[in-house]
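The next block holds one structure in the form of structure tokens; read it before the comments.
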Amino acid sequence: EAQVTQNPRYLITVTGKKLTVTCSQNMNHEYMSWYRQDPGLGLRQIYYSMNVEVTDKGDVPEGYKVSRKEKRNFPLILESPSPNQTSLYFCASSSSSGNTIYFGEGSWLTVV
Amino acid sequence: DQQVKQNSPSLSVQEGRISILNCDYTNSMFDYFLWYKKYPAEGPTFLISISSIKDKNEDGRFTVFLNKSAKHLSLHIVPSQPGDSAVYFCAASYNFNKFYFGSGTKLNVKP
């Protein structure tokens, strides 16, 4: 089954404690990205990657890092989380010739 | 500045009637548009798309209309069903490099 898997699904953490949200896709897609969803703001792109070792900033990259060492994985790293990073995060993937994006189920992150 | 806007945060429709969800965009370079549906506690799922070379695309109860001159697209659901109650996001891209999403419209279909 084609899917995008992200973990953890739910996490409560404290300010400043580094965390990583993993993302994996099994569709051999070149393109992967991270979004955050906030009330009234919809889905905003954090970072995206066109292929292995190629990453670029989206609309709201501050406070986040990513890496793309393998095609299937695209982890999102919060080096020093702050309360304004409390949000619902989605990982997504698509093929370079594809016409749709596949989303993971989301990761609820609360920073206290 | 948001390049894709959904100005109605919510919409309530009676079962069996038509639901019309609207979306406006500002970038004339966009050449591909999509609609996604999102239930609570789930990721968005693809619903329907349209290329800028078309002005209409239909899939069952769902039809998307594109008006390039007005930079406006709409999603029509006919007939609406209670199971259609969800948040709907429109998205736009050029060359599939990056996708821009609207803020979403919450549709409530009343039985």
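Residues in the structure tokens are named by chain (A, B, ... in the order shown) and by number from 1 within that chain; ligands are numbered from 1 in the order shown.
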Kindly provide the residues of chain B that approach chain A to within 7 Å, each paired with its closest atom pair and their distance in Å to one decimal, based on only C-alpha atoms, listed by chain and increasing number, as a Markdown table.
```
| residue | atom | partner | partner_atom | distance |
| --- | --- | --- | --- | --- |
| B:Glu42 | CA | A:Glu105 | CA | 4.9 |
| B:Gly43 | CA | A:Glu105 | CA | 4.1 |
| B:Pro44 | CA | A:Phe103 | CA | 6.1 |
| B:Thr45 | CA | A:Phe103 | CA | 6.9 |
| B:Phe46 | CA | A:Thr100 | CA | 6.9 |
| B:Phe101 | CA | A:Leu43 | CA | 5.7 |
| B:Gly102 | CA | A:Gly42 | CA | 5.7 |
| B:Ser103 | CA | A:Gly42 | CA | 3.4 |
| B:Gly104 | CA | A:Gly42 | CA | 5.7 |
```
Please list as an NGL selection string every residue within 9 Å of stretch 77-92 of chain B, counting only C-alpha atoms and excluding residues in the same chain fewer than 6 positions away. (:A and (42-43)) or (:B and (3-6 or 10 or 13-23 or 25 or 30-40 or 44 or 60-64 or 98-111))
Assign secondary structure with DSSP using the backbone only, and return the residues of stretch 75-108 of chain A in strand (DSSP E) as a list in words.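 Taking stretch 75-108 of chain A and keeping strand (DSSP E) gives Leu76, Ile77, Leu78, Ser87, Leu88, Tyr89, Phe90, Cys91, Ala92, Ser93, Ser94, Tyr102, Phe103, Ser107 and Trp108 of chain A.
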Rounded to one decimal place, report the atom CA of B:His72-atom CA of B:Thr26 distance in Å. 9.0 Å
For a test of reading the model, state the distance in Å between atom CA of A:Thr86 and atom CA of A:Phe74, rounded to one decimal.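 Interatomic distance, atom CA of A:Thr86 to atom CA of A:Phe74: 19.9 Å.
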Point-to-point distance from atom CA of A:Asn26 to atom CA of A:Ala2, Å rounded to tenths: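 Between atom CA of A:Asn26 and atom CA of A:Ala2 the gap works out to 6.1 Å.
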If you count only C-alpha atoms, which residues fall within 9 Å of A:Gly63, apart from same-chain ones fewer than 5 positions away, as a PyMOL selection string? chain A and resi 77-82+85
